[in-house]
Every structure is written in C-alpha cells, then in structure tokens.
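Next up, target-v5.txt (compact mmCIF, C-alpha atoms and all ligand atoms):
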```txt
# COMPACT_ATOMS: atom_id res chain seq x y z
CA MET A 856 168.91 97.92 21.35
CA LYS A 857 169.64 101.15 23.19
CA LEU A 858 173.26 102.06 23.77
CA GLY A 859 174.76 104.55 26.21
CA ILE A 860 178.14 106.20 25.70
CA LEU A 861 180.39 108.26 27.97
CA THR A 862 183.87 109.82 27.91
CA GLY A 863 185.79 109.82 31.22
CA GLY A 864 189.12 111.08 32.61
CA GLY A 865 191.39 113.49 30.76
CA ASP A 866 190.26 114.40 27.25
CA CYS A 867 192.21 113.51 24.14
CA PRO A 868 192.06 114.04 20.36
CA GLY A 869 189.72 111.52 18.73
CA LEU A 870 186.99 111.25 21.39
CA ASN A 871 184.42 112.89 19.12
CA ALA A 872 185.50 110.69 16.22
CA VAL A 873 184.76 107.57 18.34
CA ILE A 874 181.33 108.94 19.31
CA ARG A 875 180.49 109.74 15.67
CA ALA A 876 181.59 106.31 14.42
CA ALA A 877 179.68 104.49 17.16
CA VAL A 878 176.50 106.43 16.44
CA ARG A 879 176.77 105.76 12.69
CA LYS A 880 177.35 102.04 13.16
CA ALA A 881 174.57 101.77 15.75
CA GLU A 882 171.99 103.70 13.76
CA ARG A 883 172.81 102.66 10.19
CA GLY A 884 174.30 99.23 10.82
CA TYR A 885 171.81 97.87 13.32
CA GLY A 886 168.99 100.37 13.81
CA HIS A 887 170.03 100.85 17.46
CA SER A 888 169.68 104.21 19.23
CA VAL A 889 172.33 105.97 21.33
CA VAL A 890 172.18 108.17 24.43
CA GLY A 891 175.20 110.24 25.50
CA PHE A 892 175.96 110.65 29.22
CA MET A 893 177.41 114.04 30.13
CA ASP A 894 180.77 114.52 31.89
CA GLY A 895 181.77 110.89 32.19
CA TRP A 896 180.32 108.90 35.09
CA ARG A 897 178.69 112.10 36.45
CA GLY A 898 176.06 111.88 33.74
CA VAL A 899 175.22 108.31 34.71
CA ILE A 900 175.20 109.02 38.45
CA GLU A 901 173.07 112.16 38.05
CA ASP A 902 171.06 111.12 34.96
CA ASP A 903 172.32 113.90 32.70
CA THR A 904 172.07 112.93 29.04
CA MET A 905 172.02 114.22 25.48
CA VAL A 906 170.55 112.70 22.34
CA LEU A 907 173.14 111.31 19.96
CA ASP A 908 172.17 110.60 16.37
CA ILE A 909 173.75 111.00 12.97
CA GLU A 910 172.49 114.58 12.72
CA THR A 911 173.80 115.74 16.13
CA CYS A 912 177.16 114.11 15.32
CA ARG A 913 177.72 115.88 12.00
CA GLY A 914 181.10 117.65 11.76
CA LEU A 915 182.52 115.77 14.75
CA LEU A 916 185.25 113.75 13.05
CA PRO A 917 188.01 116.42 13.16
CA ARG A 918 186.84 118.20 16.32
CA GLY A 919 189.10 118.01 19.39
CA GLY A 920 187.81 117.47 22.94
CA THR A 921 184.52 115.71 23.62
CA ILE A 922 181.01 117.03 23.03
CA LEU A 923 179.90 114.93 26.01
CA GLY A 924 182.31 116.63 28.41
CA THR A 925 184.44 114.68 30.88
CA THR A 926 185.26 114.57 34.59
CA ARG A 927 187.14 112.25 36.92
CA LEU A 928 184.09 111.71 39.16
CA GLN A 929 183.23 108.03 39.49
CA PRO A 930 180.45 105.97 41.12
CA PHE A 931 182.65 104.11 43.62
CA GLY A 932 183.65 107.49 45.10
CA VAL A 933 180.08 108.78 45.54
CA GLU A 934 177.45 107.75 48.09
CA ASN A 935 175.09 105.20 46.49
CA GLY A 936 176.96 105.85 43.22
CA VAL A 937 176.56 102.31 41.87
CA GLU A 938 172.84 102.14 42.71
CA ARG A 939 172.28 105.55 41.12
CA CYS A 940 174.05 104.39 37.94
CA ARG A 941 171.94 101.25 37.84
CA ALA A 942 168.77 103.31 38.23
CA THR A 943 169.76 105.69 35.41
CA LEU A 944 170.49 102.84 33.02
CA GLU A 945 167.13 101.29 33.88
CA THR A 946 165.28 104.59 33.39
CA HIS A 947 166.69 104.91 29.87
CA GLY A 948 166.48 101.20 29.06
CA ILE A 949 170.19 101.04 28.27
CA ASP A 950 171.23 97.59 27.01
CA ALA A 951 174.95 98.36 26.69
CA LEU A 952 177.22 101.11 27.95
CA LEU A 953 180.24 102.11 25.83
CA VAL A 954 182.90 103.53 28.15
CA ILE A 955 185.63 105.58 26.48
CA GLY A 956 188.45 106.13 28.93
CA GLY A 957 191.95 105.56 30.21
CA GLU A 958 193.20 103.42 33.06
CA GLY A 959 190.97 105.00 35.77
CA THR A 960 187.73 105.07 33.77
CA LEU A 961 188.23 101.55 32.40
CA SER A 962 188.98 100.17 35.88
CA VAL A 963 185.66 101.59 37.06
CA ALA A 964 183.99 99.98 34.01
CA GLN A 965 185.54 96.64 34.97
CA GLY A 966 184.31 97.05 38.57
CA LEU A 967 180.79 97.75 37.33
CA TYR A 968 180.94 94.81 34.91
CA GLU A 969 181.67 92.55 37.88
CA LEU A 970 178.46 93.92 39.43
CA GLY A 971 176.46 93.01 36.33
CA PHE A 972 176.67 96.19 34.24
CA PRO A 973 176.74 95.60 30.45
CA VAL A 974 179.91 97.56 29.62
CA ILE A 975 182.29 97.67 26.64
CA GLY A 976 185.61 99.57 26.99
CA ILE A 977 187.35 101.78 24.42
CA PRO A 978 190.98 102.69 25.21
CA LYS A 979 191.70 106.42 25.21
CA THR A 980 194.73 108.40 26.35
CA ILE A 981 197.55 110.38 24.81
CA ASP A 982 199.83 108.50 27.25
CA ASN A 983 199.32 105.18 25.35
CA ASP A 984 199.70 103.26 28.61
CA ILE A 985 196.71 100.88 28.36
CA ASP A 986 197.77 97.26 28.25
CA CYS A 987 196.65 94.65 25.66
CA THR A 988 196.45 97.25 22.88
CA GLU A 989 199.32 98.45 20.74
CA MET A 990 197.86 101.92 20.51
CA THR A 991 195.34 104.13 22.25
CA PHE A 992 193.81 106.87 20.11
CA GLY A 993 195.17 110.38 20.76
CA PHE A 994 198.73 109.14 21.24
CA GLN A 995 199.89 109.66 17.65
CA THR A 996 198.49 113.20 17.61
CA ALA A 997 200.32 114.03 20.85
CA VAL A 998 203.57 112.60 19.43
CA GLU A 999 203.15 114.76 16.33
CA ILE A 1000 202.60 117.92 18.42
CA ALA A 1001 205.61 117.13 20.63
CA THR A 1002 207.81 116.35 17.62
CA ASP A 1003 206.87 119.62 15.96
CA ALA A 1004 207.79 121.46 19.17
CA ILE A 1005 211.16 119.67 19.39
CA ASP A 1006 211.93 120.54 15.74
CA ARG A 1007 211.19 124.20 16.46
CA LEU A 1008 213.29 124.21 19.62
CA HIS A 1009 216.22 122.72 17.69
CA THR A 1010 216.61 125.74 15.46
CA THR A 1011 216.46 128.31 18.24
CA ALA A 1012 218.78 126.13 20.35
CA GLU A 1013 221.31 126.10 17.50
CA SER A 1014 221.13 129.87 17.02
CA HIS A 1015 221.93 130.50 20.68
CA ASP A 1016 223.96 127.38 21.35
CA ARG A 1017 221.67 126.53 24.26
CA VAL A 1018 220.46 123.41 26.00
CA MET A 1019 216.70 122.99 25.63
CA VAL A 1020 214.74 120.85 28.08
CA VAL A 1021 211.29 119.89 26.74
CA GLU A 1022 208.75 118.33 29.08
CA VAL A 1023 206.04 116.15 27.57
CA MET A 1024 203.11 114.33 29.23
CA GLY A 1025 203.49 110.81 30.53
CA ARG A 1026 202.49 110.34 34.14
CA HIS A 1027 203.63 106.74 34.66
CA VAL A 1028 205.18 105.87 31.31
CA GLY A 1029 207.39 107.44 28.66
CA HIS A 1030 205.70 106.53 25.37
CA ILE A 1031 205.30 110.14 24.17
CA ALA A 1032 208.83 111.06 25.28
CA THR A 1033 210.34 108.00 23.56
CA TRP A 1034 208.51 108.42 20.25
CA ALA A 1035 208.82 112.20 20.04
CA GLY A 1036 212.41 112.03 21.29
CA ILE A 1037 213.39 109.57 18.55
CA ALA A 1038 211.42 111.48 15.90
CA GLY A 1039 212.89 114.81 16.99
CA GLY A 1040 216.48 113.57 17.35
CA ALA A 1041 216.75 114.30 21.09
CA THR A 1042 220.14 114.35 22.80
CA THR A 1043 218.68 112.43 25.73
CA ILE A 1044 215.23 111.10 26.67
CA LEU A 1045 214.12 110.74 30.29
CA ILE A 1046 211.20 108.42 31.09
CA PRO A 1047 209.48 107.24 34.30
CA GLU A 1048 210.50 103.63 33.59
CA GLU A 1049 214.20 104.41 34.09
CA PRO A 1050 215.33 106.81 36.84
CA PHE A 1051 217.88 109.27 35.46
CA ASP A 1052 221.25 110.44 36.68
CA ILE A 1053 221.77 114.18 36.28
CA GLU A 1054 225.57 113.72 36.33
CA GLU A 1055 225.38 111.36 33.32
CA ILE A 1056 223.09 113.71 31.41
CA SER A 1057 225.37 116.67 32.12
CA ALA A 1058 228.39 114.64 30.98
CA ASP A 1059 226.58 113.83 27.68
CA VAL A 1060 225.78 117.51 27.16
CA ARG A 1061 229.37 118.52 27.96
CA ALA A 1062 230.69 115.91 25.49
CA ARG A 1063 228.47 117.34 22.73
CA HIS A 1064 229.79 120.82 23.38
CA ALA A 1065 233.43 119.76 23.65
CA ASN A 1066 234.10 120.52 19.98
CA GLY A 1067 232.55 123.98 19.97
CA ARG A 1068 228.95 125.00 19.31
CA PHE A 1069 226.57 122.10 19.57
CA ALA A 1070 223.11 122.70 21.02
CA SER A 1071 221.31 119.93 22.93
CA THR A 1072 217.65 118.97 23.34
CA ILE A 1073 216.63 116.91 26.35
CA VAL A 1074 213.13 115.38 26.22
CA VAL A 1075 211.69 114.57 29.64
CA ALA A 1076 208.40 112.85 30.48
CA GLU A 1077 206.55 114.66 33.29
CA GLY A 1078 206.68 111.50 35.44
CA ALA A 1079 210.46 110.95 35.06
CA LEU A 1080 212.36 110.87 38.35
CA PRO A 1081 216.02 111.08 39.31
CA ARG A 1082 217.87 108.17 40.86
CA GLU A 1083 217.33 108.42 44.59
CA GLY A 1084 219.43 111.05 46.28
CA THR A 1085 220.90 112.51 43.06
CA LEU A 1086 218.65 115.54 42.48
CA GLU A 1087 216.12 117.35 44.62
CA VAL A 1088 212.63 117.62 43.10
CA ALA A 1089 209.55 119.29 44.57
CA GLU A 1090 206.75 117.00 45.80
CA PRO A 1091 203.74 117.47 43.45
CA GLU A 1092 200.30 118.59 44.66
CA VAL A 1093 197.54 115.97 44.78
CA ASP A 1094 194.10 116.71 43.26
CA GLN A 1095 190.71 115.78 44.80
CA PHE A 1096 190.83 112.33 43.15
CA GLY A 1097 194.25 111.53 44.60
CA HIS A 1098 196.12 112.13 41.30
CA LYS A 1099 199.48 113.86 41.56
CA ARG A 1100 199.41 117.08 39.57
CA LEU A 1101 202.63 116.62 37.62
CA GLY A 1102 204.49 119.13 35.50
CA GLY A 1103 207.74 120.84 36.29
CA ILE A 1104 210.42 118.12 36.47
CA ALA A 1105 211.98 119.89 33.46
CA ASN A 1106 212.82 122.87 35.69
CA ALA A 1107 214.83 120.70 38.07
CA VAL A 1108 216.56 118.94 35.15
CA ALA A 1109 217.45 122.27 33.48
CA ALA A 1110 218.76 123.79 36.70
CA GLY A 1111 220.80 120.65 37.35
CA ILE A 1112 222.35 120.70 33.87
CA GLU A 1113 223.08 124.43 33.93
CA ALA A 1114 224.70 124.22 37.36
CA ARG A 1115 226.97 121.38 36.22
CA THR A 1116 227.81 122.45 32.65
CA LYS A 1117 227.45 126.26 32.82
CA PHE A 1118 225.69 126.07 29.43
CA GLU A 1119 222.72 128.35 29.05
CA THR A 1120 219.59 126.21 29.44
CA ARG A 1121 215.90 126.90 28.73
CA VAL A 1122 212.72 124.99 29.61
CA THR A 1123 209.55 124.36 27.58
CA ILE A 1124 206.66 122.52 29.23
CA LEU A 1125 204.21 121.44 26.53
CA GLY A 1126 201.40 120.49 28.90
CA HIS A 1127 197.82 120.39 27.65
CA VAL A 1128 198.74 121.63 24.17
CA GLN A 1129 199.41 117.92 23.56
CA ARG A 1130 195.81 117.04 24.39
CA GLY A 1131 193.97 119.79 22.56
CA GLY A 1132 192.92 120.30 18.98
CA THR A 1133 192.14 118.12 16.02
CA PRO A 1134 193.20 114.44 15.86
CA ASN A 1135 195.65 113.56 13.09
CA ALA A 1136 194.65 111.20 10.29
CA PHE A 1137 195.95 108.09 12.09
CA ASP A 1138 193.92 108.87 15.22
CA ARG A 1139 190.78 109.68 13.21
CA VAL A 1140 191.00 106.27 11.58
CA LEU A 1141 191.82 104.41 14.82
CA SER A 1142 189.03 106.21 16.71
CA SER A 1143 186.56 105.36 13.94
CA ARG A 1144 187.61 101.70 13.96
CA TYR A 1145 187.26 101.54 17.75
CA GLY A 1146 183.80 103.18 17.64
CA VAL A 1147 182.50 100.70 15.06
CA ALA A 1148 184.07 97.68 16.78
CA ALA A 1149 182.66 98.67 20.19
CA VAL A 1150 179.14 98.79 18.76
CA GLU A 1151 179.67 95.37 17.17
CA ALA A 1152 180.71 94.01 20.57
CA ALA A 1153 177.64 95.61 22.19
CA HIS A 1154 175.40 94.13 19.47
CA ASP A 1155 176.91 90.71 20.19
CA GLN A 1156 176.33 91.35 23.92
CA ASP A 1157 179.99 90.51 24.45
CA PHE A 1158 180.22 92.56 27.64
CA GLY A 1159 183.27 93.09 29.84
CA GLN A 1160 185.47 93.43 26.76
CA MET A 1161 187.70 96.26 25.54
CA VAL A 1162 188.34 96.86 21.85
CA ALA A 1163 192.07 96.86 21.11
CA LEU A 1164 194.61 97.15 18.30
CA GLN A 1165 196.80 94.08 17.85
CA ALA A 1166 198.90 93.43 14.73
CA ASN A 1167 196.88 96.17 13.00
CA ARG A 1168 193.59 94.36 13.60
CA ILE A 1169 190.85 95.43 15.97
CA VAL A 1170 190.22 92.66 18.49
CA ARG A 1171 188.37 92.25 21.79
CA VAL A 1172 190.25 91.64 25.03
CA PRO A 1173 188.79 91.11 28.52
CA LEU A 1174 188.72 94.42 30.42
CA THR A 1175 190.08 92.63 33.44
CA GLU A 1176 193.32 91.88 31.54
CA ALA A 1177 193.53 95.34 30.02
CA VAL A 1178 193.39 97.14 33.37
CA ALA A 1179 195.56 94.73 35.36
CA GLU A 1180 198.81 96.55 34.57
CA LEU A 1181 200.00 99.62 32.71
CA LYS A 1182 201.78 99.15 29.39
CA LEU A 1183 205.37 100.35 29.73
CA VAL A 1184 207.68 101.42 26.92
CA ASP A 1185 208.78 98.35 24.96
CA PRO A 1186 212.36 97.53 26.07
CA ALA A 1187 213.40 96.93 22.43
CA LEU A 1188 212.19 100.39 21.39
CA TRP A 1189 213.89 101.91 24.42
CA ALA A 1190 217.15 100.16 23.51
CA THR A 1191 216.88 101.60 19.99
CA ALA A 1192 216.27 105.08 21.42
CA LYS A 1193 219.36 104.74 23.61
CA ASP A 1194 221.45 103.61 20.64
CA LEU A 1195 220.50 106.88 18.99
CA PHE A 1196 220.95 109.34 21.82
CA ARG A 1197 223.35 108.05 24.43
CA GLY A 1198 226.37 110.36 24.52
CA ALA A 1199 226.11 111.34 20.85
O1 LIG B 1 195.55 111.87 30.09
C1 LIG B 1 196.66 111.56 30.90
C2 LIG B 1 197.39 112.80 31.16
O2 LIG B 1 197.59 113.40 29.95
C3 LIG B 1 198.71 112.67 31.93
O3 LIG B 1 199.83 112.47 31.14
C4 LIG B 1 198.77 113.96 32.68
O4 LIG B 1 199.56 113.84 33.83
C5 LIG B 1 197.35 114.18 33.02
O5 LIG B 1 196.60 113.66 31.96
C6 LIG B 1 197.00 115.62 33.28
O6 LIG B 1 195.63 115.71 33.52
P1 LIG B 1 194.83 116.97 34.02
O7 LIG B 1 193.91 117.32 32.90
O8 LIG B 1 194.10 116.52 35.22
O9 LIG B 1 195.80 118.07 34.28
```
Please rewrite the model in this file as structure tokens.
Ligand code: F6P
Amino acid sequence: MKLGILTGGGDCPGLNAVIRAAVRKAERGYGHSVVGFMDGWRGVIEDDTMVLDIETCRGLLPRGGTILGTTRLQPFGVENGVERCRATLETHGIDALLVIGGEGTLSVAQGLYELGFPVIGIPKTIDNDIDCTEMTFGFQTAVEIATDAIDRLHTTAESHDRVMVVEVMGRHVGHIATWAGIAGGATTILIPEEPFDIEEISADVRARHANGRFASTIVVAEGALPREGTLEVAEPEVDQFGHKRLGGIANAVAAGIEARTKFETRVTILGHVQRGGTPNAFDRVLSSRYGVAAVEAAHDQDFGQMVALQANRIVRVPLTEAVAELKLVDPALWATAKDLFRGA
C-alpha cells in the first residue's frame, strides 16, 4: 500500500511525532511506503511532495512544528481543486491519505471522503476543541506553557501588588484557559462559552484587595466576549480564509478592570508561544499512538474515520460525527473551576 500524509491549518507541538510514528508503523509494521504532501492541501492540489521514510524521519519525535509545512489553503476554495487532488493521488498511486488537522482541515477531509477519497483523520490542535476525542495532541503542551507563564506572572504581580491579565489561545472554546487557569490558581477565568461581566470581575478583584495587598491574575481566552452592551471591544480583522484574527481581548479586560478598581493592571498575550517548540511527554506519546492507529485504520481500509482518545484507549470514530460540532469545555470541569476562583 502507498500512504499519503499531510498537516493542515495552524501548527501544533506533536505534528512531527505523528508523522514519525505513522512512517515507522507503515514501513516496519506492514511494508507500506509513505509520501508527504507539502503545506497541507496545497501539496495535494499542486502535487508537491517529499519522501518520508524511517531515515528522513530520524530525530523528529521532539521537534516542534511540521517538516511538511502547513497552510490553510483547501481544495474546495480553489478552481478545480478537488479534481486536481484526485489527479495527484492517482499519479502517486496513493491508497490512503492521512490528514492531520483541526476542525477546518478535518471538515475538508470529510467532504473529500464523501466524494470517494480514501481519508483517515488525526485530530490536532492546541485548542482541544475537536469532538468525539477527549484530547487532541498539542493541547497538554500548550497548557503547560500557559501554566508556567501564569506562575511567573504571579510572583511579579505579588511584588507590585498588580492585577495581571493573561490572554491564552482558544478561538471558540476555553479549554486552555480553564486548564491553565485551574493549574495556575487564577483569580478568574474568562472563556468563549460564557460571556463575562466586567463589573463582576472588577468586584471580585476589589474584594481580593479589600484586606490590603493581594495581587490578582485573570486568565482570558482570546475568543472570550463580554455580555452584550457591557464592554466595548474592537472588531477583529478577518484573514483571507475568513478566519477572525483574534488576540487583544485582554487589553479591553485590563482597561475595564483598571478603570473600575484603580488597581494597576498589566497585560500579557501569550500568542503563538503556546504553539511553538517541543511537545511535552504526554503529547509525544499521544501523537505516537495516533500515528500508529491511523496507519492501522488505513491498512484496514477503514476510511472516513478519525482516530480518537476515549477512556484512555485509541478508537476510531466517523469523521462526520467528529466534525459536526465543536467540543466545548465540560460543564462539570467549568463548575469546578468556578468553585475555585469565583470571588476568592
Ligand atoms: O490552532 C488554533 C489556533 O491556535 C487558535 O486558537 C488561534 O486563534 C489560531 O490558531 C491562530 O492562528 P494563526 O496561526 O492563523 O494566527
């Protein structure tokens, strides 16, 4: 069998570990060969490939980013994109295409599967918002980076008795904010799932400071929004693929808190630091498990499936179910977070 593999959408720690594991399983486990497509769907549309074998994948396990490169270009947005993809797969004799991506890339994979393409999905994103899997790879590394930042901000906040507002990624969901906020002992966590009230947050901060020096750390997901009419926020720019370019809600939150409490407030926007660098041990293991399981699914010709983590086992779920809805923060975890931060 000949397998193709691509990485699409935003990068994330663990992509190279998936590629390495898939190549090892394909070559050693089954004697299959693997072709890498460059820059996500662009490589399939434009027939741009690289050879992937155990030798070319040496040293990849801890390396951040993706050796295949990634873009947000996709066949349904390009003239004759689907036909060009079909032609490329035929040229290379590809029997199965492993698609490593988040919501956008996997939705395209599902669309192509419905048109007869032999695809297998692998869930990637630091945002952890893919449904039907308990964890996407990259998420735990991002949480660790954000938690480390919050810990560091705590000590400087205490020295100056300041309010620190830390913005983490999370376009539609607040998984990183919730986990890092709990782990870092945040005063308040703001997530897209629950519009916030700047008056309530300011009251919490004031209450903390009522007995003297008591610094506060507010963790805000980039996609968090105020309750309608309670705080003015700038409309984000939209990129060429129609994605809002988020980042900056922390500035509005900080200004709102400072204006109401008169406490000195500072902003840290973590941004792409959360996506770069080496995957942690958990993500290296999860990525490796996903890579191996995806090749097993391809070998079984079980197309239209996504590998997923459920009850600590790797299972297969239909892509159509995985991309139907985003996975929001579990209400029970959110309730626990609130028990810890609300007003304390
Ligand atoms: O991968 C998802 C994500 O990390 C979002 O949380 C964030 O809004 C987005 O990527 C940023 O992507 P870009 O690389 O296009 O700035």
At a cut-off of 9 Å and counting all atoms listed in the file, what residues surround ligand LIG 1 (chain B)? Please answer as a ChimeraX atom specification. /A:864-867,927,957,979-983,1023-1028,1076-1078,1094,1098-1102,1126-1127,1129-1130
Expressed in Å to a single decimal, how great is the separation between atom CA of A:Val954 and atom CA of A:Gly863?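 So the answer is 7.6 Å.
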What's the separation between atom CA of A:Ala877 and atom CA of A:Glu1151, in Å to one decimal place?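 Atom CA of A:Glu1151 lies at a distance of 9.1 Å from atom CA of A:Ala877.
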Show me, as a PDB file with C-alpha atoms, in the coordinates of the input, the residues that have an atom within 10 Å of A:Leu1174 when counting only C-alpha atoms, minus same-chain residues fewer than 4 positions from it.
```
ATOM      1  CA  LEU A 961     188.230 101.550  32.400  1.00  0.00           C
ATOM      2  CA  SER A 962     188.980 100.170  35.880  1.00  0.00           C
ATOM      3  CA  ALA A 964     183.990  99.980  34.010  1.00  0.00           C
ATOM      4  CA  GLN A 965     185.540  96.640  34.970  1.00  0.00           C
ATOM      5  CA  GLY A 966     184.310  97.050  38.570  1.00  0.00           C
ATOM      6  CA  TYR A 968     180.940  94.810  34.910  1.00  0.00           C
ATOM      7  CA  VAL A 974     179.910  97.560  29.620  1.00  0.00           C
ATOM      8  CA  ILE A 975     182.290  97.670  26.640  1.00  0.00           C
ATOM      9  CA  GLY A 976     185.610  99.570  26.990  1.00  0.00           C
ATOM     10  CA  ILE A 977     187.350 101.780  24.420  1.00  0.00           C
ATOM     11  CA  ASP A 986     197.770  97.260  28.250  1.00  0.00           C
ATOM     12  CA  CYS A 987     196.650  94.650  25.660  1.00  0.00           C
ATOM     13  CA  PHE A1158     180.220  92.560  27.640  1.00  0.00           C
ATOM     14  CA  GLY A1159     183.270  93.090  29.840  1.00  0.00           C
ATOM     15  CA  GLN A1160     185.470  93.430  26.760  1.00  0.00           C
ATOM     16  CA  MET A1161     187.700  96.260  25.540  1.00  0.00           C
ATOM     17  CA  VAL A1162     188.340  96.860  21.850  1.00  0.00           C
ATOM     18  CA  VAL A1178     193.390  97.140  33.370  1.00  0.00           C
ATOM     19  CA  ALA A1179     195.560  94.730  35.360  1.00  0.00           C
TER      20      ALA A1179
END
```
Which of these, A:Gly1029, A:Gly1040, A:Gly914, A:Gly898, has the shortest distance to A:Leu1080 once you count all atoms listed in the file? A:Gly1029
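The nearest approach to A:Phe1069 among the residues A:Ser1057, A:Ser1014, A:Asn935, A:Asn1167, with all atoms listed in the file taken into account, belongs to A:Ser1014.
As for atom CA of A:Gln995 and atom CA of A:Asn1135, they are spaced 7.3 Å apart.
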Nearest candidate to A:Arg913 (options A:Ala876, A:Val1020, A:Leu1008, A:Leu1125; using only C-alpha atoms): A:Ala876
Shortest contact to A:Ala1070, candidates A:Ala1038, A:Arg1121, A:Val906, A:Ile922, atoms counted only C-alpha atoms, goes to A:Arg1121
For a quick check of understanding, using all atoms listed in the file, which of A:Val998, A:Ile1112, A:Val933, A:Ile1124 has the smallest distance to A:Ile1056?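 Once distances to A:Ile1056 are computed over all atoms listed in the file, the minimum belongs to A:Ile1112.
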Could you name the residues that touch A:Ala1001 at 9 Å or less, counting all atoms listed in the file, but leaving out those on the same chain fewer than 6 positions away, as number ranges by chain? A: 1021, 1023, 1031-1032, 1035-1036, 1039, 1125, 1128-1129
Judged by all atoms listed in the file, the minimum distance to A:Ile1053 among A:Val1018, A:Ile1000, A:Ala1109, A:Leu1195 is found for A:Ala1109
Just want the 6 Å neighbourhood of stretch 1136-1149 of chain A, counted on only C-alpha atoms, with same-chain residues fewer than 2 positions away dropped. Output as a PyMOL selection string. chain A and resi 869+872-873+876-877+880+992-993+1134+1151-1152
Could you turn the residues from that selection into a file that holds C-alpha atoms, as a PDB file, in the frame of the given file?
```
ATOM      1  CA  GLY A 869     189.720 111.520  18.730  1.00  0.00           C
ATOM      2  CA  ALA A 872     185.500 110.690  16.220  1.00  0.00           C
ATOM      3  CA  VAL A 873     184.760 107.570  18.340  1.00  0.00           C
ATOM      4  CA  ALA A 876     181.590 106.310  14.420  1.00  0.00           C
ATOM      5  CA  ALA A 877     179.680 104.490  17.160  1.00  0.00           C
ATOM      6  CA  LYS A 880     177.350 102.040  13.160  1.00  0.00           C
ATOM      7  CA  PHE A 992     193.810 106.870  20.110  1.00  0.00           C
ATOM      8  CA  GLY A 993     195.170 110.380  20.760  1.00  0.00           C
ATOM      9  CA  PRO A1134     193.200 114.440  15.860  1.00  0.00           C
ATOM     10  CA  GLU A1151     179.670  95.370  17.170  1.00  0.00           C
ATOM     11  CA  ALA A1152     180.710  94.010  20.570  1.00  0.00           C
TER      12      ALA A1152
END
```
Find the spatial neighbours of A:Val1075, counting all atoms listed in the file, within a cut-off of 6 Å - ignore same-chain residues fewer than 5 positions away - and output them as an mmCIF file with C-alpha atoms, in the coordinates of the input.
```
data_model
loop_
_atom_site.group_PDB
_atom_site.id
_atom_site.type_symbol
_atom_site.label_atom_id
_atom_site.label_comp_id
_atom_site.auth_asym_id
_atom_site.auth_seq_id
_atom_site.Cartn_x
_atom_site.Cartn_y
_atom_site.Cartn_z
ATOM 1 C CA GLU A 1022 208.750 118.330 29.080
ATOM 2 C CA ILE A 1044 215.230 111.100 26.670
ATOM 3 C CA LEU A 1045 214.120 110.740 30.290
#
```
Kindly output stretch 879-885 of chain A as a PDB file, in the coordinates of the input, after building all heavy atoms.
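Below is the file that was written, result-v1.pdb:
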```pdb
ATOM      1  N   ARG A 879     177.046 106.176  14.079  1.00  0.00           N
ATOM      2  CA  ARG A 879     176.770 105.760  12.690  1.00  0.00           C
ATOM      3  C   ARG A 879     176.556 104.250  12.584  1.00  0.00           C
ATOM      4  O   ARG A 879     175.633 103.775  11.931  1.00  0.00           O
ATOM      5  CB  ARG A 879     177.935 106.169  11.777  1.00  0.00           C
ATOM      6  CG  ARG A 879     177.857 107.631  11.481  1.00  0.00           C
ATOM      7  CD  ARG A 879     178.935 108.136  10.561  1.00  0.00           C
ATOM      8  NE  ARG A 879     178.543 109.491  10.224  1.00  0.00           N
ATOM      9  CZ  ARG A 879     178.317 109.944   9.007  1.00  0.00           C
ATOM     10  NH1 ARG A 879     178.520 109.168   7.970  1.00  0.00           N
ATOM     11  NH2 ARG A 879     177.921 111.177   8.807  1.00  0.00           N
ATOM     12  N   LYS A 880     177.469 103.509  13.231  1.00  0.00           N
ATOM     13  CA  LYS A 880     177.350 102.040  13.160  1.00  0.00           C
ATOM     14  C   LYS A 880     176.061 101.582  13.850  1.00  0.00           C
ATOM     15  O   LYS A 880     175.347 100.705  13.341  1.00  0.00           O
ATOM     16  CB  LYS A 880     178.582 101.393  13.829  1.00  0.00           C
ATOM     17  CG  LYS A 880     178.561  99.878  13.839  1.00  0.00           C
ATOM     18  CD  LYS A 880     178.705  99.287  12.445  1.00  0.00           C
ATOM     19  CE  LYS A 880     178.668  97.780  12.468  1.00  0.00           C
ATOM     20  NZ  LYS A 880     178.673  97.190  11.129  1.00  0.00           N
ATOM     21  N   ALA A 881     175.769 102.183  15.003  1.00  0.00           N
ATOM     22  CA  ALA A 881     174.570 101.770  15.750  1.00  0.00           C
ATOM     23  C   ALA A 881     173.314 102.041  14.930  1.00  0.00           C
ATOM     24  O   ALA A 881     172.471 101.151  14.758  1.00  0.00           O
ATOM     25  CB  ALA A 881     174.514 102.529  17.082  1.00  0.00           C
ATOM     26  N   GLU A 882     173.231 103.284  14.427  1.00  0.00           N
ATOM     27  CA  GLU A 882     171.990 103.700  13.760  1.00  0.00           C
ATOM     28  C   GLU A 882     171.846 103.032  12.384  1.00  0.00           C
ATOM     29  O   GLU A 882     170.814 102.424  12.087  1.00  0.00           O
ATOM     30  CB  GLU A 882     172.046 105.226  13.598  1.00  0.00           C
ATOM     31  CG  GLU A 882     170.706 105.899  13.760  1.00  0.00           C
ATOM     32  CD  GLU A 882     170.824 107.417  13.694  1.00  0.00           C
ATOM     33  OE1 GLU A 882     171.470 108.004  14.578  1.00  0.00           O
ATOM     34  OE2 GLU A 882     170.298 108.012  12.721  1.00  0.00           O
ATOM     35  N   ARG A 883     172.902 103.171  11.567  1.00  0.00           N
ATOM     36  CA  ARG A 883     172.810 102.660  10.190  1.00  0.00           C
ATOM     37  C   ARG A 883     172.999 101.158  10.115  1.00  0.00           C
ATOM     38  O   ARG A 883     172.334 100.465   9.345  1.00  0.00           O
ATOM     39  CB  ARG A 883     173.900 103.298   9.322  1.00  0.00           C
ATOM     40  CG  ARG A 883     173.585 104.694   8.925  1.00  0.00           C
ATOM     41  CD  ARG A 883     174.112 104.954   7.521  1.00  0.00           C
ATOM     42  NE  ARG A 883     173.983 106.377   7.231  1.00  0.00           N
ATOM     43  CZ  ARG A 883     175.019 107.159   7.000  1.00  0.00           C
ATOM     44  NH1 ARG A 883     176.248 106.687   7.010  1.00  0.00           N
ATOM     45  NH2 ARG A 883     174.822 108.433   6.739  1.00  0.00           N
ATOM     46  N   GLY A 884     173.958 100.657  10.921  1.00  0.00           N
ATOM     47  CA  GLY A 884     174.300  99.230  10.820  1.00  0.00           C
ATOM     48  C   GLY A 884     173.248  98.327  11.434  1.00  0.00           C
ATOM     49  O   GLY A 884     172.958  97.261  10.914  1.00  0.00           O
ATOM     50  N   TYR A 885     172.690  98.774  12.581  1.00  0.00           N
ATOM     51  CA  TYR A 885     171.810  97.870  13.320  1.00  0.00           C
ATOM     52  C   TYR A 885     170.426  98.440  13.634  1.00  0.00           C
ATOM     53  O   TYR A 885     169.584  97.731  14.181  1.00  0.00           O
ATOM     54  CB  TYR A 885     172.458  97.493  14.662  1.00  0.00           C
ATOM     55  CG  TYR A 885     173.774  96.764  14.557  1.00  0.00           C
ATOM     56  CD1 TYR A 885     174.927  97.311  15.109  1.00  0.00           C
ATOM     57  CD2 TYR A 885     173.863  95.516  13.941  1.00  0.00           C
ATOM     58  CE1 TYR A 885     176.146  96.633  15.051  1.00  0.00           C
ATOM     59  CE2 TYR A 885     175.073  94.845  13.878  1.00  0.00           C
ATOM     60  CZ  TYR A 885     176.210  95.401  14.427  1.00  0.00           C
ATOM     61  OH  TYR A 885     177.398  94.732  14.369  1.00  0.00           O
TER      62      TYR A 885
END
```
